[in-house]
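> Structure supplied as protein-v4.txt; contents: compact mmCIF, C-alpha atoms.
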# COMPACT_ATOMS: atom_id res chain seq x y z
CA MET S 201 161.82 24.61 265.47
CA LYS S 202 163.83 24.07 262.31
CA ARG S 203 162.05 21.96 259.74
CA ARG S 204 163.92 19.14 258.07
CA PRO S 205 163.70 18.91 254.28
CA ASN S 206 161.58 16.04 253.05
CA TYR S 207 163.79 14.53 250.37
CA LEU S 208 161.43 11.64 249.70
CA ALA S 209 158.54 14.00 248.95
CA GLY S 210 160.79 16.10 246.73
CA PHE S 211 161.91 13.03 244.79
CA GLY S 212 158.33 11.90 244.40
CA SER S 213 157.37 15.35 243.10
CA LEU S 214 160.15 15.22 240.52
CA VAL S 215 159.00 11.79 239.36
CA TRP S 216 155.42 13.01 239.09
CA LEU S 217 156.56 16.13 237.19
CA PHE S 218 158.52 13.95 234.77
CA LEU S 219 155.58 11.61 234.15
CA VAL S 220 153.25 14.55 233.49
CA GLY S 221 155.69 16.75 231.59
CA LEU S 222 157.08 14.14 229.18
CA PRO S 223 153.80 13.54 227.27
CA LEU S 224 153.22 17.30 227.06
CA TYR S 225 156.75 17.81 225.75
CA VAL S 226 156.32 15.08 223.13
CA MET S 227 152.99 16.53 222.01
CA LEU S 228 154.12 20.17 221.76
CA ILE S 229 157.49 19.47 220.14
CA ALA S 230 155.91 17.28 217.45
CA THR S 231 153.62 20.10 216.34
CA PHE S 232 156.62 22.22 215.28
CA GLN S 233 158.20 19.50 213.11
CA THR S 234 157.50 18.30 209.63
CA ARG S 235 156.20 14.80 209.13
CA ALA S 236 159.52 13.68 207.59
CA ASP S 237 161.61 15.13 210.44
CA TYR S 238 159.36 13.52 213.03
CA ALA S 239 159.70 10.11 211.36
CA ALA S 240 163.48 10.48 211.03
CA ASN S 241 164.36 11.89 214.46
CA GLY S 242 161.73 10.29 216.69
CA PRO S 243 159.25 11.79 219.17
CA LEU S 244 161.81 12.91 221.76
CA ALA S 245 164.14 14.79 219.43
CA PHE S 246 164.18 18.56 219.64
CA PRO S 247 163.27 20.07 216.23
CA GLU S 248 166.16 21.53 214.27
CA HIS S 249 163.91 23.90 212.35
CA PHE S 250 160.65 25.12 213.83
CA THR S 251 157.66 25.29 211.53
CA LEU S 252 154.04 26.37 211.94
CA ASP S 253 152.88 24.52 208.84
CA ASN S 254 151.00 21.94 210.90
CA TYR S 255 148.80 24.58 212.50
CA ILE S 256 148.30 26.41 209.19
CA ASN S 257 147.38 23.22 207.36
CA ASP S 258 144.92 22.27 210.11
CA LEU S 259 143.14 25.61 209.84
CA ASN S 260 142.98 25.32 206.04
CA SER S 261 141.68 21.74 205.97
CA GLY S 262 138.26 22.16 207.58
CA PHE S 263 139.37 22.46 211.18
CA ALA S 264 137.66 25.86 211.46
CA GLN S 265 134.30 24.29 210.54
CA TYR S 266 134.78 21.51 213.08
CA PHE S 267 135.71 24.08 215.70
CA LEU S 268 132.59 26.15 214.95
CA ASN S 269 130.33 23.07 215.17
CA THR S 270 131.88 22.14 218.51
CA VAL S 271 131.34 25.68 219.82
CA ILE S 272 127.68 25.55 218.74
CA VAL S 273 127.17 22.20 220.49
CA THR S 274 128.96 23.33 223.64
CA VAL S 275 127.15 26.67 223.95
CA SER S 276 123.79 25.01 223.31
CA VAL S 277 124.37 22.26 225.88
CA VAL S 278 125.53 24.77 228.50
CA GLY S 279 122.51 26.97 227.75
CA ILE S 280 120.07 24.09 228.20
CA VAL S 281 121.71 22.98 231.45
CA VAL S 282 121.83 26.51 232.92
CA LEU S 283 118.23 27.14 231.91
CA LEU S 284 116.73 23.94 233.33
CA VAL S 285 118.93 22.72 236.20
CA PRO S 286 118.81 25.74 238.61
CA PRO S 287 114.98 25.88 238.80
CA LEU S 288 114.92 22.09 239.14
CA ALA S 289 117.47 22.11 241.98
CA TYR S 290 115.63 24.98 243.70
CA SER S 291 112.32 23.13 243.63
CA ILE S 292 113.98 19.98 244.98
CA VAL S 293 115.60 21.84 247.86
CA ARG S 294 112.55 23.91 248.82
CA SER S 295 109.80 21.35 248.27
CA ARG S 296 108.87 19.02 251.13
CA SER S 297 106.53 16.77 249.19
CA ARG S 298 107.19 13.09 248.69
CA THR S 299 106.45 13.43 244.99
CA THR S 300 109.35 15.81 244.46
CA THR S 301 111.70 13.50 246.33
CA THR S 302 110.57 10.54 244.25
CA VAL S 303 110.98 12.46 241.00
CA PHE S 304 114.47 13.54 242.05
CA ARG S 305 115.46 9.96 242.80
CA LEU S 306 114.13 8.82 239.43
CA PHE S 307 115.96 11.68 237.79
CA LEU S 308 119.22 10.57 239.38
CA LEU S 309 118.77 7.13 237.84
CA GLY S 310 120.29 8.75 234.78
CA LEU S 311 123.63 8.46 236.56
CA ALA S 312 123.35 4.68 236.38
CA VAL S 313 122.42 4.52 232.68
CA PRO S 314 125.44 4.58 230.35
CA SER S 315 125.07 6.30 227.02
CA GLN S 316 126.17 3.13 225.22
CA ALA S 317 123.04 1.37 226.49
CA VAL S 318 120.64 3.79 224.80
CA ILE S 319 122.55 4.85 221.69
CA VAL S 320 120.66 2.42 219.41
CA PRO S 321 117.17 3.60 220.50
CA MET S 322 118.32 7.21 220.19
CA PHE S 323 119.60 6.53 216.68
CA TYR S 324 116.19 5.11 215.76
CA VAL S 325 114.28 8.03 217.32
CA PHE S 326 116.39 10.75 215.71
CA SER S 327 116.26 8.97 212.34
CA LYS S 328 112.46 8.79 212.45
CA ALA S 329 112.28 12.43 213.58
CA GLY S 330 114.42 13.57 210.64
CA LEU S 331 117.18 14.87 212.89
CA TYR S 332 119.88 12.40 211.92
CA ASP S 333 123.10 14.08 210.78
CA ASN S 334 122.05 17.28 212.55
CA LEU S 335 123.77 19.04 215.42
CA ILE S 336 120.49 18.92 217.36
CA ALA S 337 120.90 15.14 217.55
CA VAL S 338 124.19 15.72 219.39
CA ILE S 339 123.02 18.63 221.57
CA LEU S 340 119.90 17.06 223.10
CA PRO S 341 121.34 13.74 224.37
CA THR S 342 124.53 15.42 225.57
CA ALA S 343 122.52 17.89 227.64
CA ALA S 344 120.25 15.10 228.92
CA PHE S 345 123.17 13.01 230.17
CA ALA S 346 124.84 16.04 231.77
CA MET S 347 121.75 17.16 233.70
CA PRO S 348 121.66 14.45 236.44
CA VAL S 349 125.19 15.22 237.63
CA CYS S 350 124.58 18.97 237.37
CA ALA S 351 121.36 18.66 239.36
CA LEU S 352 123.14 16.66 242.05
CA ILE S 353 125.91 19.27 242.31
CA LEU S 354 123.58 22.25 242.41
CA THR S 355 121.18 20.77 244.96
CA GLY S 356 124.14 20.17 247.27
CA VAL S 357 125.21 23.79 246.90
CA MET S 358 121.69 25.14 247.45
CA ARG S 359 121.23 23.05 250.59
CA ASP S 360 124.16 24.94 252.12
CA ILE S 361 122.11 28.15 252.06
CA THR S 362 120.84 28.63 255.63
CA PRO S 363 117.05 28.34 256.13
CA GLU S 364 117.07 31.65 258.03
CA LEU S 365 117.77 33.51 254.81
CA TYR S 366 114.77 31.90 253.13
CA GLU S 367 112.60 32.70 256.12
CA ALA S 368 113.79 36.31 256.24
CA MET S 369 112.86 36.92 252.62
CA THR S 370 109.54 35.12 253.06
CA VAL S 371 108.69 37.35 256.05
CA ASP S 372 109.49 40.39 253.90
CA GLY S 373 106.84 39.19 251.45
CA ALA S 374 109.19 37.96 248.72
CA SER S 375 107.73 35.54 246.20
CA SER S 376 109.40 32.27 245.23
CA ARG S 377 110.61 33.83 242.00
CA ARG S 378 112.20 36.76 243.83
CA ILE S 379 113.84 34.42 246.37
CA PHE S 380 115.25 32.36 243.53
CA PHE S 381 116.75 35.26 241.55
CA GLN S 382 117.83 37.53 244.42
CA LEU S 383 118.96 34.97 247.00
CA VAL S 384 119.53 31.51 245.58
CA VAL S 385 121.23 32.38 242.30
CA PRO S 386 123.79 34.84 243.78
CA LEU S 387 124.68 32.43 246.60
CA SER S 388 124.99 29.50 244.18
CA ARG S 389 127.56 31.04 241.87
CA SER S 390 130.17 28.39 242.68
CA GLY S 391 127.73 25.62 241.85
CA LEU S 392 126.63 27.37 238.66
CA SER S 393 130.25 27.72 237.59
CA THR S 394 130.77 24.04 238.30
CA ILE S 395 127.87 22.85 236.18
CA VAL S 396 128.88 25.21 233.36
CA VAL S 397 132.39 23.78 233.28
CA PHE S 398 131.14 20.20 233.62
CA ALA S 399 128.54 20.58 230.84
CA ALA S 400 131.08 22.32 228.61
CA LEU S 401 133.58 19.49 229.11
CA GLN S 402 130.95 16.87 228.32
CA ALA S 403 129.93 18.66 225.14
CA TRP S 404 133.42 19.59 223.97
CA ASN S 405 134.89 16.12 224.47
CA GLY S 406 131.81 14.18 223.35
CA PHE S 407 132.59 11.32 220.97
CA LEU S 408 129.89 8.64 220.97
CA PHE S 409 126.93 10.83 219.98
CA PRO S 410 128.74 12.60 217.10
CA LEU S 411 130.09 9.24 215.93
CA VAL S 412 126.69 7.55 215.71
CA LEU S 413 124.28 10.45 215.10
CA THR S 414 126.22 12.47 212.50
CA GLN S 415 127.79 11.56 209.19
CA SER S 416 128.58 14.47 206.86
CA ALA S 417 131.56 16.79 207.00
CA GLU S 418 129.25 19.78 207.64
CA THR S 419 128.23 18.37 211.04
CA LYS S 420 131.60 17.06 212.18
CA VAL S 421 132.93 18.18 215.54
CA LEU S 422 136.53 18.27 216.71
CA THR S 423 136.59 14.77 218.15
CA MET S 424 135.47 13.38 214.79
CA GLY S 425 137.63 15.73 212.74
CA LEU S 426 140.77 14.20 214.22
CA TYR S 427 140.09 11.14 212.07
CA ASP S 428 140.98 13.21 208.99
CA PHE S 429 144.67 12.86 209.87
CA GLN S 430 144.52 9.08 209.56
CA THR S 431 144.62 7.69 206.03
CA GLU S 432 145.21 4.30 204.46
CA HIS S 433 148.87 5.27 204.02
CA GLY S 434 149.53 6.20 207.65
CA VAL S 435 148.91 8.85 210.30
CA ASP S 436 150.05 12.46 210.12
CA ILE S 437 151.19 12.59 213.73
CA PRO S 438 152.48 16.21 213.78
CA GLY S 439 149.28 17.45 212.13
CA LEU S 440 147.15 15.35 214.46
CA LEU S 441 148.91 16.63 217.58
CA ALA S 442 148.64 20.23 216.32
CA ALA S 443 144.89 19.72 215.98
CA VAL S 444 144.77 18.28 219.50
CA VAL S 445 146.58 21.35 220.86
CA LEU S 446 144.20 23.72 219.06
CA SER S 447 141.15 21.80 220.24
CA MET S 448 142.15 21.72 223.91
CA LEU S 449 143.11 25.40 224.27
CA PRO S 450 139.56 26.86 224.64
CA ILE S 451 138.39 24.38 227.25
CA LEU S 452 141.73 24.67 229.07
CA LEU S 453 141.25 28.43 229.35
CA VAL S 454 137.72 27.93 230.69
CA TYR S 455 139.02 25.52 233.31
CA LEU S 456 141.88 27.83 234.36
CA PHE S 457 139.53 30.74 234.98
CA ALA S 458 136.86 28.66 236.72
CA ARG S 459 138.92 26.02 238.54
CA ARG S 460 138.40 27.57 241.99
CA ALA S 461 134.63 27.69 241.58
CA LEU S 462 134.72 24.16 240.16
CA VAL S 463 136.44 22.77 243.25
CA GLN S 464 134.17 24.69 245.62
CA GLY S 465 131.08 23.46 243.81
CA LEU S 466 132.20 19.81 243.88
CA MET S 467 132.98 20.07 247.61
CA GLY S 468 129.38 21.12 248.22
CA VAL S 469 127.80 18.13 246.50
CA GLY S 470 127.08 16.29 249.72
CA GLY S 471 126.04 19.33 251.68
CA LYS S 472 127.42 20.30 255.06
Before anything else, please render the file you have as structure tokens.

Amino acid sequence: MKRRPNYLAGFGSLVWLFLVGLPLYVMLIATFQTRADYAANGPLAFPEHFTLDNYINDLNSGFAQYFLNTVIVTVSVVGIVVLLVPPLAYSIVRSRSRTTTTVFRLFLLGLAVPSQAVIVPMFYVFSKAGLYDNLIAVILPTAAFAMPVCALILTGVMRDITPELYEAMTVDGASSRRIFFQLVVPLSRSGLSTIVVFAALQAWNGFLFPLVLTQSAETKVLTMGLYDFQTEHGVDIPGLLAAVVLSMLPILLVYLFARRALVQGLMGVGGK
């Protein structure tokens, strides 16, 4: 049978493409214009003379230090999550005790607690501990708030592993540690990729914790460094958008390479 073209769906796709592509066009085009040309021609005008000065000025004005601090925070948060969440999810899936179930439910209460509700107590604790204006003060709460979602995702993935595989390795005399490293971890790669991407996104885009728990330029991250383009005389929009482009490229590359595993891991949250 000959299929009829769906003109309505095609029109809707074009409208969606326009709505998504226009902001990207405005952002990218502005980064290749000078501040004077952008103010004179407007955000939709195509630049008459391309320039890379916005990117060069960003890299020479402390952006590299902000980028390095953000990388340190992101790598540390991902390391903490990957180190703690898989053993936690494995014990939740394999344990039959009521205590483990209760602890897991209490652990998931973190999903219902917004970071804004505890930022003042955390500020007090980190100030008394001498960790204020330190990257550790950003790393620890970011990892803590990412762990409940990561644990929920990974437990759903691990529950999809058939019990026969566990029983087969147990009959062969495998210990719990060997089952974890040789069976559970290889079969949970999609879930591990998901929690890595999720934790990296939370750390890379974090704003509240760096805003409240850091102060000096040495501990600034990218989300706070964007404020440098706003002065009392106005906003350097081309420079700001160039910094936004530079800051989103690393996490965009991570998502592009891990998007399939991310979708597969999220689909396994509820189990089969």
> Name the residues in contact with stretch 343-347 of chain S at a cut-off of 9 Å, using all atoms listed in the file, excluding same-chain residues fewer than 3 positions from it; report them as a ChimeraX atom specification.
/S:276-278,280-281,284-285,307,310-311,313-315,338-340,350-352,395,398-399,402-403
> Please write the residues from the selection above to a file, keeping C-alpha atoms, as a PDB file, keeping the file's coordinate frame.

ATOM      1  CA  SER S 276     123.790  25.010 223.310  1.00  0.00           C
ATOM      2  CA  VAL S 277     124.370  22.260 225.880  1.00  0.00           C
ATOM      3  CA  VAL S 278     125.530  24.770 228.500  1.00  0.00           C
ATOM      4  CA  ILE S 280     120.070  24.090 228.200  1.00  0.00           C
ATOM      5  CA  VAL S 281     121.710  22.980 231.450  1.00  0.00           C
ATOM      6  CA  LEU S 284     116.730  23.940 233.330  1.00  0.00           C
ATOM      7  CA  VAL S 285     118.930  22.720 236.200  1.00  0.00           C
ATOM      8  CA  PHE S 307     115.960  11.680 237.790  1.00  0.00           C
ATOM      9  CA  GLY S 310     120.290   8.750 234.780  1.00  0.00           C
ATOM     10  CA  LEU S 311     123.630   8.460 236.560  1.00  0.00           C
ATOM     11  CA  VAL S 313     122.420   4.520 232.680  1.00  0.00           C
ATOM     12  CA  PRO S 314     125.440   4.580 230.350  1.00  0.00           C
ATOM     13  CA  SER S 315     125.070   6.300 227.020  1.00  0.00           C
ATOM     14  CA  VAL S 338     124.190  15.720 219.390  1.00  0.00           C
ATOM     15  CA  ILE S 339     123.020  18.630 221.570  1.00  0.00           C
ATOM     16  CA  LEU S 340     119.900  17.060 223.100  1.00  0.00           C
ATOM     17  CA  CYS S 350     124.580  18.970 237.370  1.00  0.00           C
ATOM     18  CA  ALA S 351     121.360  18.660 239.360  1.00  0.00           C
ATOM     19  CA  LEU S 352     123.140  16.660 242.050  1.00  0.00           C
ATOM     20  CA  ILE S 395     127.870  22.850 236.180  1.00  0.00           C
ATOM     21  CA  PHE S 398     131.140  20.200 233.620  1.00  0.00           C
ATOM     22  CA  ALA S 399     128.540  20.580 230.840  1.00  0.00           C
ATOM     23  CA  GLN S 402     130.950  16.870 228.320  1.00  0.00           C
ATOM     24  CA  ALA S 403     129.930  18.660 225.140  1.00  0.00           C
TER      25      ALA S 403
END
> Write out as a count of residues only each polymer residue whose atoms come within 10 Å of stretch 233-241 of chain S, counting all atoms listed in the file; drop sequence neighbours fewer than 2 positions from it.
21
> Could you list, as a ChimeraX atom specification, every residue within 10 Å of S:Leu387, counting all atoms listed in the file and ignoring same-chain residues fewer than 4 positions away?
/S:357-358,360-361,380-383,391-392
> Compare S:Pro287, S:Pro223, S:Gly425, S:Gly279 by their minimum atom-to-atom distance to S:Ser376, counting all atoms listed in the file, and give me the closest one.
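Selected residue with least distance to S:Ser376: S:Pro287.
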> Neighbours of S:Gly262 within 12 Å (only C-alpha atoms; same-chain residues fewer than 6 positions away dropped), as number ranges by chain?
S: 255-256, 268-269, 417-422, 424-426, 428-429, 443
> Report, in Å to a single decimal, how far apart atom CA of S:Ile319 and atom CA of S:Met448 are.
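Answer for the atom CA of S:Met448 to atom CA of S:Ile319 separation: 26.0 Å.
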> Rounded to one decimal, what separation in Å do you get between atom CA of S:Leu308 and atom CA of S:Val349?
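Between atom CA of S:Leu308 and atom CA of S:Val349 the gap is 7.8 Å.
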> Using all atoms listed in the file, find the one residue out of S:Thr342, S:Thr394, S:Asn206, S:Arg296 that sits nearest to S:Phe407.
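Distance minimum relative to S:Phe407 lands on S:Thr342.
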> Rank nothing, just name the residue among S:Ile353, S:Leu331, S:Leu446, S:Val215 nearest to S:Tyr266, using only C-alpha atoms.
S:Leu446
> To one decimal in Å, tell me the separation between atom CA of S:Phe267 and atom CA of S:Thr423.
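For atom CA of S:Phe267 relative to atom CA of S:Thr423, the distance reads 9.7 Å.
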